[in-house]
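Coordinates from input-v6.txt are shown below (compact mmCIF, C-alpha atoms).
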```
# COMPACT_ATOMS: atom_id res chain seq x y z
CA MET A 1 123.30 79.79 102.15
CA THR A 2 124.01 82.38 99.49
CA GLN A 3 121.12 83.10 97.14
CA SER A 4 121.37 84.00 93.51
CA SER A 5 118.52 85.64 91.69
CA ASN A 6 117.67 82.60 89.58
CA GLU A 7 117.04 80.29 92.54
CA THR A 8 113.49 79.36 93.39
CA TRP A 9 111.76 78.08 96.46
CA THR A 10 108.52 76.22 96.95
CA VAL A 11 105.98 78.44 98.66
CA THR A 12 102.88 76.75 99.99
CA ILE A 13 99.90 79.06 100.26
CA VAL A 14 97.16 77.95 102.61
CA VAL A 15 93.78 79.67 102.34
CA PRO A 16 91.85 79.04 105.57
CA GLU A 17 88.52 77.22 105.45
CA ASP A 18 86.78 80.22 106.99
CA SER A 19 88.27 82.74 104.57
CA SER A 20 85.91 84.87 102.53
CA LEU A 21 88.12 84.35 99.49
CA ASP A 22 86.85 82.20 96.65
CA GLU A 23 89.86 79.96 97.27
CA ALA A 24 88.83 79.15 100.89
CA GLY A 25 90.07 75.74 101.96
CA GLU A 26 92.52 75.43 99.10
CA THR A 27 96.29 74.93 99.30
CA TYR A 28 98.67 75.87 96.50
CA ASP A 29 102.33 75.00 95.95
CA LEU A 30 104.14 77.61 93.88
CA GLU A 31 107.70 77.94 92.69
CA VAL A 32 108.76 81.45 93.65
CA GLY A 33 112.02 83.07 92.66
CA ALA A 34 114.27 84.54 95.31
CA ASP A 35 113.74 87.97 93.73
CA GLU A 36 110.00 87.54 93.34
CA THR A 37 107.33 88.44 95.84
CA ILE A 38 104.92 85.77 97.02
CA LEU A 39 101.96 87.92 96.01
CA ALA A 40 103.21 88.48 92.47
CA ALA A 41 103.96 84.78 92.06
CA ALA A 42 100.53 83.82 93.34
CA ARG A 43 98.68 86.24 91.10
CA SER A 44 100.76 85.15 88.12
CA ALA A 45 99.70 81.59 88.87
CA GLY A 46 96.04 82.62 88.98
CA VAL A 47 95.70 82.64 92.76
CA TRP A 48 94.11 86.00 93.53
CA LEU A 49 95.29 86.96 96.98
CA PRO A 50 94.10 90.21 98.56
CA ALA A 51 96.41 93.21 98.32
CA ASP A 52 96.32 96.94 97.83
CA CYS A 53 99.45 99.11 97.99
CA GLN A 54 101.93 96.32 97.16
CA GLN A 55 104.58 98.33 98.95
CA GLY A 56 104.43 96.70 102.36
CA TRP A 57 102.42 99.53 103.89
CA CYS A 58 98.65 99.03 104.02
CA THR A 59 98.80 95.42 105.36
CA THR A 60 95.82 94.25 103.29
CA CYS A 61 97.82 91.19 102.22
CA ALA A 62 98.90 90.14 105.74
CA ALA A 63 99.65 86.45 106.22
CA ARG A 64 101.11 84.13 108.83
CA LEU A 65 104.40 82.39 108.27
CA VAL A 66 104.06 78.84 109.55
CA ASP A 67 107.23 77.43 108.06
CA GLY A 68 110.34 78.71 106.33
CA ASP A 69 111.80 82.17 105.98
CA VAL A 70 111.14 85.29 103.95
CA ALA A 71 112.75 88.71 103.56
CA HIS A 72 110.98 92.05 103.21
CA PRO A 73 113.71 94.25 101.71
CA ASN A 74 111.30 96.80 100.26
CA ALA A 75 108.45 96.86 102.80
CA ARG A 76 107.59 100.41 103.85
CA ARG A 77 106.01 99.49 107.18
CA TYR A 78 107.13 96.20 108.64
CA TYR A 79 108.25 96.01 112.26
CA ASP A 80 110.47 93.69 114.25
CA GLU A 81 107.49 92.57 116.33
CA ASP A 82 105.66 91.56 113.13
CA ASP A 83 108.57 89.32 112.29
CA GLU A 84 108.81 87.94 115.81
CA ALA A 85 105.10 87.11 115.83
CA GLY A 86 105.31 85.35 112.48
CA TYR A 87 103.36 87.83 110.40
CA VAL A 88 104.49 88.52 106.85
CA LEU A 89 103.37 90.82 104.03
CA PRO A 90 103.30 88.71 100.85
CA CYS A 91 103.23 91.81 98.64
CA THR A 92 106.87 92.45 99.49
CA ALA A 93 107.91 89.11 101.03
CA LYS A 94 110.48 87.12 99.07
CA PRO A 95 111.24 83.52 100.02
CA ARG A 96 114.61 82.57 101.42
CA THR A 97 113.78 78.90 101.94
CA ASP A 98 110.85 76.64 101.14
CA THR A 99 108.04 78.43 102.92
CA THR A 100 104.44 77.99 104.02
CA VAL A 101 102.11 80.91 104.65
CA VAL A 102 98.49 81.14 105.74
CA VAL A 103 96.91 84.06 103.89
CA ASP A 104 93.94 86.37 104.49
CA GLN A 105 95.03 87.42 108.00
CA TYR A 106 94.28 91.13 107.64
CA ASP A 107 91.74 91.38 110.47
CA ASP A 108 93.93 89.51 112.93
CA PHE A 109 96.93 91.55 111.89
CA LEU A 110 95.12 94.82 112.51
CA GLU A 111 94.38 93.62 116.05
CA PHE A 112 98.02 92.67 116.48
CA ARG A 113 99.25 96.02 115.22
CA ALA A 114 96.78 97.83 117.46
CA ALA A 115 97.92 95.83 120.48
CA ASN A 116 101.46 96.90 119.68
CA ASP A 117 100.43 100.52 119.06
CA ARG A 118 101.58 100.28 115.45
CA PRO A 119 99.76 101.68 112.42
CA PRO A 120 97.34 101.16 110.88
CA GLY A 121 95.95 99.16 113.81
CA ASN A 122 94.20 101.67 116.06
CA SER A 123 93.44 104.11 113.27
CA LYS A 124 91.38 101.39 111.59
CA LEU A 125 89.86 99.66 114.59
CA ASP A 126 88.77 102.86 116.32
CA SER A 127 86.87 104.11 113.27
CA MET B 1 51.50 105.88 100.48
CA SER B 2 48.88 103.63 98.98
CA ASP B 3 48.60 100.16 100.50
CA GLU B 4 48.67 98.85 96.98
CA LYS B 5 52.19 100.19 96.48
CA GLU B 6 53.60 98.80 99.73
CA HIS B 7 56.17 96.74 97.91
CA GLY B 8 57.67 99.84 96.32
CA SER B 9 59.75 100.81 99.37
CA GLY B 10 61.99 97.73 99.42
CA SER B 11 63.74 97.02 102.71
CA VAL B 12 63.54 100.64 103.88
CA ALA B 13 60.21 101.67 105.39
CA PRO B 14 58.52 104.72 103.91
CA GLY B 15 59.74 107.82 105.67
CA ASP B 16 62.54 105.97 107.49
CA THR B 17 65.52 108.32 107.64
CA SER B 18 67.71 105.90 109.61
CA LYS B 19 68.65 104.01 106.46
CA ARG B 20 69.67 105.04 102.97
CA VAL B 21 68.35 103.26 99.94
CA GLY B 22 71.52 104.53 98.25
CA ALA B 23 73.47 102.22 100.55
CA GLU B 24 71.00 99.36 100.70
CA VAL B 25 70.93 98.91 96.93
CA ILE B 26 74.69 98.39 97.06
CA ARG B 27 74.32 95.81 99.82
CA GLU B 28 71.64 94.03 97.80
CA ARG B 29 74.17 93.71 95.01
CA GLY B 30 76.74 92.01 97.20
CA VAL B 31 78.96 94.87 98.38
CA ASP B 32 79.16 95.79 102.04
CA PRO B 33 78.71 99.58 102.04
CA GLU B 34 80.47 99.91 105.41
CA GLU B 35 83.52 98.02 104.16
CA LEU B 36 83.51 100.08 100.99
CA ARG B 37 83.34 103.41 102.75
CA GLU B 38 86.22 102.44 105.07
CA LYS B 39 88.24 101.51 101.99
CA LEU B 40 87.38 104.90 100.50
CA ILE B 41 88.60 106.67 103.65
CA ASP B 42 91.92 104.80 103.37
CA ALA B 43 92.16 105.68 99.69
CA ILE B 44 91.52 109.39 100.09
CA GLY B 45 93.81 109.39 103.11
CA ALA B 46 96.50 108.49 100.62
CA GLU B 47 95.35 111.20 98.22
CA PHE B 48 95.48 113.74 101.02
CA THR B 49 98.90 112.73 102.35
CA THR B 50 100.21 112.63 98.80
CA TYR B 51 98.94 116.17 98.25
CA TYR B 52 100.89 117.21 101.31
CA TYR B 53 104.07 115.33 100.48
CA TYR B 54 104.05 116.42 96.84
CA THR B 55 104.14 120.00 98.06
CA ASN B 56 107.47 119.22 99.65
CA LEU B 57 108.77 117.12 96.78
CA ARG B 58 107.92 119.90 94.33
CA MET B 59 109.79 122.45 96.46
CA HIS B 60 112.90 120.31 96.31
CA LEU B 61 112.92 120.04 92.53
CA ALA B 62 114.80 123.30 92.66
CA GLY B 63 115.77 124.60 89.24
CA GLU B 64 113.81 121.93 87.41
CA GLU B 65 110.88 124.08 86.37
CA ASP B 66 109.29 121.58 83.98
CA TYR B 67 109.41 118.85 86.63
CA LYS B 68 107.92 121.26 89.15
CA GLU B 69 105.00 122.07 86.89
CA ILE B 70 104.19 118.43 86.25
CA THR B 71 104.48 117.60 89.93
CA GLU B 72 102.15 120.50 90.62
CA ASP B 73 99.56 119.05 88.26
CA ALA B 74 99.75 115.68 90.00
CA ARG B 75 99.64 117.37 93.40
CA LEU B 76 96.52 119.38 92.68
CA GLU B 77 94.80 116.47 90.99
CA ASP B 78 95.43 114.27 94.01
CA ARG B 79 93.76 116.92 96.13
CA ALA B 80 90.88 116.95 93.66
CA HIS B 81 90.53 113.20 94.17
CA PHE B 82 90.25 113.73 97.89
CA GLU B 83 87.61 116.39 97.38
CA LEU B 84 85.71 114.27 94.88
CA VAL B 85 85.27 111.27 97.17
CA VAL B 86 84.67 112.97 100.54
CA PRO B 87 80.94 113.46 99.89
CA ARG B 88 80.60 109.80 98.93
CA ILE B 89 81.94 108.73 102.32
CA TYR B 90 79.25 110.76 104.05
CA GLU B 91 76.60 109.40 101.72
CA LEU B 92 77.67 105.96 102.87
CA GLU B 93 77.23 107.13 106.47
CA GLY B 94 80.91 107.45 107.20
CA SER B 95 83.02 110.42 108.21
CA LEU B 96 86.58 111.63 108.10
CA PRO B 97 88.67 110.79 111.17
CA ASN B 98 88.64 113.63 113.67
CA ASP B 99 92.38 113.24 114.23
CA ILE B 100 94.46 113.85 111.12
CA ARG B 101 97.10 111.49 112.53
CA ASP B 102 94.62 108.65 112.31
CA PHE B 103 93.82 109.71 108.76
CA ALA B 104 97.50 109.53 107.79
CA ASP B 105 98.09 106.27 109.66
CA ARG B 106 95.34 104.51 107.78
CA ALA B 107 96.17 105.95 104.37
CA SER B 108 96.41 103.11 101.89
CA CYS B 109 99.71 104.29 100.42
CA PRO B 110 103.07 105.10 102.00
CA ASP B 111 104.21 108.57 102.94
CA ALA B 112 105.91 110.15 99.92
CA GLU B 113 108.68 111.79 101.87
CA VAL B 114 111.58 113.75 100.45
CA PRO B 115 114.22 111.03 99.99
CA THR B 116 116.85 112.57 102.21
CA PRO B 117 117.66 112.43 105.90
CA MET B 118 117.15 115.39 108.20
CA ASP B 119 120.25 117.41 109.04
CA ASP B 120 121.49 118.19 112.54
CA SER B 121 119.23 121.20 112.89
CA GLY B 122 116.09 119.35 111.85
CA GLY B 123 116.09 120.63 108.28
CA PHE B 124 116.46 118.65 105.11
CA ASP B 125 119.97 117.50 104.36
CA THR B 126 119.97 118.21 100.63
CA SER B 127 123.67 117.61 100.08
CA ASP B 128 123.04 114.29 98.36
CA LEU B 129 119.50 114.89 97.16
CA ALA B 130 119.13 113.90 93.51
CA VAL B 131 116.32 114.82 91.15
CA GLU B 132 116.00 111.22 90.03
CA ASP B 133 115.39 110.11 93.60
CA ILE B 134 112.49 112.55 93.93
CA LEU B 135 111.06 111.38 90.62
CA GLU B 136 111.22 107.79 91.84
CA VAL B 137 109.25 108.68 94.97
CA LEU B 138 106.64 110.38 92.80
CA LEU B 139 106.45 107.40 90.46
CA GLU B 140 105.99 104.86 93.23
CA ALA B 141 103.33 107.00 94.88
CA GLU B 142 101.35 107.03 91.65
CA ARG B 143 101.75 103.29 91.26
CA CYS B 144 100.32 102.72 94.70
CA ALA B 145 97.36 104.93 93.85
CA ILE B 146 96.74 102.94 90.67
CA ARG B 147 96.60 99.74 92.70
CA THR B 148 94.26 101.25 95.28
CA TRP B 149 91.75 102.65 92.79
CA SER B 150 91.89 99.45 90.77
CA GLU B 151 90.88 97.59 93.93
CA ILE B 152 87.97 99.97 94.43
CA CYS B 153 86.91 99.56 90.82
CA ASP B 154 86.95 95.79 91.42
CA MET B 155 84.86 96.16 94.57
CA THR B 156 82.22 98.35 92.95
CA ARG B 157 82.00 97.12 89.38
CA GLY B 158 78.45 96.08 88.61
CA ALA B 159 77.25 96.92 92.13
CA ASP B 160 77.82 100.59 92.88
CA PRO B 161 77.95 102.68 89.70
CA ARG B 162 78.29 105.95 91.59
CA THR B 163 81.48 104.98 93.42
CA TYR B 164 82.75 103.08 90.41
CA ASP B 165 82.38 106.18 88.26
CA MET B 166 84.44 108.20 90.71
CA ALA B 167 87.08 105.50 91.07
CA GLN B 168 87.55 104.98 87.35
CA ARG B 169 87.87 108.73 86.78
CA ILE B 170 90.55 108.95 89.45
CA LEU B 171 92.25 105.83 88.09
CA ASN B 172 92.46 107.49 84.67
CA GLU B 173 94.36 110.41 86.14
CA GLU B 174 96.64 108.25 88.27
CA MET B 175 97.60 106.34 85.14
CA ASP B 176 98.37 109.65 83.45
CA HIS B 177 100.57 110.57 86.39
CA GLU B 178 102.47 107.29 86.27
CA ALA B 179 103.15 107.79 82.58
CA TRP B 180 104.45 111.31 83.20
CA PHE B 181 106.86 110.20 85.89
CA ILE B 182 108.06 107.19 83.91
CA GLU B 183 108.91 109.59 81.08
CA LEU B 184 110.71 112.02 83.35
CA LEU B 185 112.58 109.40 85.38
CA SER B 186 113.65 107.52 82.25
CA LYS B 187 115.17 110.68 80.83
CA GLU B 188 116.66 111.97 84.05
CA ARG B 189 118.12 108.74 85.39
CA ASP B 190 118.70 106.58 82.31
CA ASP B 191 118.88 109.15 79.51
CA GLU B 192 116.20 107.15 77.75
CA ILE B 193 113.28 108.47 75.73
CA ASN B 194 110.16 106.80 77.12
CA PRO B 195 107.22 108.99 76.11
CA ALA B 196 104.13 109.31 78.27
CA GLY B 197 102.18 109.77 75.06
CA HIS B 198 100.23 112.70 76.43
CA PHE B 199 100.35 115.74 78.55
CA ALA B 200 96.92 117.21 78.20
CA ARG B 201 96.31 119.65 80.97
CA GLY B 202 94.88 123.12 80.55
CA GLU B 203 95.50 124.87 83.83
CA PRO B 204 97.46 123.45 86.79
CA GLY B 205 95.58 120.57 88.38
CA ASP B 206 93.04 120.49 85.56
CA ALA B 207 91.91 116.94 86.48
CA PRO B 208 90.17 116.35 83.14
CA TYR B 209 88.62 113.05 84.14
CA SER B 210 87.68 113.63 87.74
CA THR B 211 86.30 117.14 87.32
CA ASN B 212 84.87 117.14 83.80
CA ASN B 213 81.59 115.92 85.23
CA ARG B 214 81.60 117.54 88.61
CA PHE B 215 79.98 116.01 91.62
CA ASN B 216 80.67 119.19 93.52
CA ASP B 217 82.42 122.41 92.68
CA SER B 218 85.19 121.96 95.22
CA ALA B 219 86.47 118.83 93.46
```

Let me see the file written as structure tokens.
Amino acid sequence: MTQSSNETWTVTIVVPEDSSLDEAGETYDLEVGADETILAAARSAGVWLPADCQQGWCTTCAARLVDGDVAHPNARRYYDEDDEAGYVLPCTAKPRTDTTVVVDQYDDFLEFRAANDRPPGNSKLDS
Amino acid sequence: MSDEKEHGSGSVAPGDTSKRVGAEVIRERGVDPEELREKLIDAIGAEFTTYYYYTNLRMHLAGEEDYKEITEDARLEDRAHFELVVPRIYELEGSLPNDIRDFADRASCPDAEVPTPMDDSGGFDTSDLAVEDILEVLLEAERCAIRTWSEICDMTRGADPRTYDMAQRILNEEMDHEAWFIELLSKERDDEINPAGHFARGEPGDAPYSTNNRFNDSA
């Protein structure tokens, strides 16, 4: 399906019960434009998700895609194996369908990156 | 120590050199000093890699002497940020990675590479290298730094005034840098006047916020 920039998708953000975020256990449904990142949409809606670089590099925002599809056209460090394993970076991820993500997956994602010998995995976990 | 003043030592026993009250007071206020220091290592990893990459970006602004000078200010100030925060990491019982590759890998911001492919001999292919493309790399590097130091200000506000003071000083200069590169990129790429509103530097790399109250002379 061809997307135009004014189309929006429903993005469901699930904050796990065991998250350290204030929003632990909450679920939010947001309307996110096809040209908008999930992180920006969430923060605009008052849902403060973790992030740092916002350039798809540091992985602070890492999340798991449990349904739907996103694109990372501007991510600086996003690998095929991330995509295959269902990890996404909401700071640069833009929805391509209605989508559900589980946020606050940074620690798990570091382990995943380390297991795949991808940065910043080992450089963080070996410190 | 008098038995009557036993309470004065808090959670750290008198004479105990295995702990630092300077770290424990942060923990008492709700910030994990270990998490903070690891975040600081990531942040100054980005300052250090940026210092390196800006050296190269500045070189490739050939013939654009005003752009070179401004890039040089940003470059040297980013190094000053690295120098400023290194002692804080050791105060928080951390250390720099022994392997510089690890330091670069964990840097909180992307590599600010010259936006051109390598040529067949391993050198820079500058045939299509445009000034505006370099300015955009510089701008986005500064924006990342703003986000990083804002995060550290958030982490430390009201809990760790020493790190907060450093972070807000650095943040001030990163915001200066963003304004400079917005002005330059607007003019170069879009022929638009978009003033930074300031360019207040004395000597190259003056770092008026992060070195006007020095924590150490190397910063």

Taking only C-alpha atoms into account, produce a table as a Markdown table in which each residue of chain B with an atom at most 9 Å from an atom of chain A appears once, together with its shortest atom pair and the distance in Å to one decimal, ordered by chain and rising number.
```
| residue | atom | partner | partner_atom | distance |
| --- | --- | --- | --- | --- |
| B:Glu38 | CA | A:Lys124 | CA | 8.4 |
| B:Asp42 | CA | A:Cys58 | CA | 8.9 |
| B:Ser95 | CA | A:Ser127 | CA | 9.0 |
| B:Pro97 | CA | A:Ser127 | CA | 7.2 |
| B:Arg101 | CA | A:Ser123 | CA | 8.3 |
| B:Asp102 | CA | A:Ser123 | CA | 4.8 |
| B:Phe103 | CA | A:Ser123 | CA | 7.2 |
| B:Ala104 | CA | A:Ser123 | CA | 8.7 |
| B:Asp105 | CA | A:Pro120 | CA | 5.3 |
| B:Arg106 | CA | A:Pro120 | CA | 5.0 |
| B:Ala107 | CA | A:Cys58 | CA | 7.4 |
| B:Ser108 | CA | A:Cys58 | CA | 5.1 |
| B:Cys109 | CA | A:Cys53 | CA | 5.7 |
| B:Pro110 | CA | A:Trp57 | CA | 5.9 |
| B:Asp111 | CA | A:Arg76 | CA | 8.9 |
| B:Glu140 | CA | A:Gln55 | CA | 8.8 |
| B:Arg143 | CA | A:Cys53 | CA | 8.2 |
| B:Cys144 | CA | A:Cys53 | CA | 5.0 |
| B:Ala145 | CA | A:Cys53 | CA | 7.4 |
| B:Ile146 | CA | A:Cys53 | CA | 8.7 |
| B:Arg147 | CA | A:Asp52 | CA | 5.9 |
| B:Thr148 | CA | A:Asp52 | CA | 5.4 |
| B:Trp149 | CA | A:Asp52 | CA | 8.9 |
| B:Ser150 | CA | A:Asp52 | CA | 8.7 |
| B:Glu151 | CA | A:Asp52 | CA | 6.7 |
```

Computed interatomic separation between atom CA of Pro117 of chain B and atom CA of Glu183 of chain B (Å):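 For atom CA of Pro117 of chain B relative to atom CA of Glu183 of chain B, the distance reads 26.5 Å.
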
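With all atoms listed in the file as the atoms that count, the minimum distance from Thr37 of chain A to the choices A:Glu111, A:Val15, A:Arg96, A:Pro90 is reached by A:Pro90.
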
Residues near Thr100 of chain A, cut-off 9 Å, only C-alpha atoms, skip fewer than 2 positions along chain, as a PyMOL selection string: chain A and resi 10-14+29+64-69+98+102

Ser127 of chain B surroundings by only C-alpha atoms, 12 Å radius, close-in-sequence under 2 positions cut, as an MDAnalysis selection string: chainID B and resid 60 115:119 123:125 129:131

Point-to-point distance from atom CA of Ala141 of chain B to atom CA of Glu81 of chain A, Å rounded to tenths: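 About the pair atom CA of Ala141 of chain B and atom CA of Glu81 of chain A: they are 26.2 Å apart.
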
I'd like the contact shell of Gly30 of chain B - 10 Å cut-off, all atoms listed in the file, skipping same-chain residues fewer than 2 positions apart - returned as a JSON list (two decimals) with C-alpha atoms, keeping the file's coordinate frame.
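In the end it all went to around-v3.json:
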```
[["chain", "number", "residue", "atom", "x", "y", "z"],
["B", 24, "GLU", "CA", 71.00, 99.36, 100.70],
["B", 25, "VAL", "CA", 70.93, 98.91, 96.93],
["B", 26, "ILE", "CA", 74.69, 98.39, 97.06],
["B", 27, "ARG", "CA", 74.32, 95.81, 99.82],
["B", 28, "GLU", "CA", 71.64, 94.03, 97.80],
["B", 32, "ASP", "CA", 79.16, 95.79, 102.04],
["B", 33, "PRO", "CA", 78.71, 99.58, 102.04],
["B", 155, "MET", "CA", 84.86, 96.16, 94.57],
["B", 156, "THR", "CA", 82.22, 98.35, 92.95],
["B", 158, "GLY", "CA", 78.45, 96.08, 88.61],
["B", 159, "ALA", "CA", 77.25, 96.92, 92.13],
["B", 160, "ASP", "CA", 77.82, 100.59, 92.88]]
```

Contact residues around Gly33 of chain A with only C-alpha atoms at 7 Å, ignoring same-chain residues under 4 positions, as a PyMOL selection string: chain A and resi 6-9

One-decimal distance in Å that lies between atom CA of Cys153 of chain B and atom CA of Leu49 of chain A: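 Separation between atom CA of Leu49 of chain A and atom CA of Cys153 of chain B: 16.3 Å.
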
Non-local contacts of Glu192 of chain B (12 Å; all atoms listed in the file; under 5 positions in same chain excluded) as a ChimeraX atom specification: /B:182-187

Can you spit out the residues from that selection as a PDB file, in the frame of the given file, using C-alpha atoms?
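Output (again13.pdb):
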```
ATOM      1  CA  ILE B 182     108.060 107.190  83.910  1.00  0.00           C
ATOM      2  CA  GLU B 183     108.910 109.590  81.080  1.00  0.00           C
ATOM      3  CA  LEU B 184     110.710 112.020  83.350  1.00  0.00           C
ATOM      4  CA  LEU B 185     112.580 109.400  85.380  1.00  0.00           C
ATOM      5  CA  SER B 186     113.650 107.520  82.250  1.00  0.00           C
ATOM      6  CA  LYS B 187     115.170 110.680  80.830  1.00  0.00           C
TER       7      LYS B 187
END
```
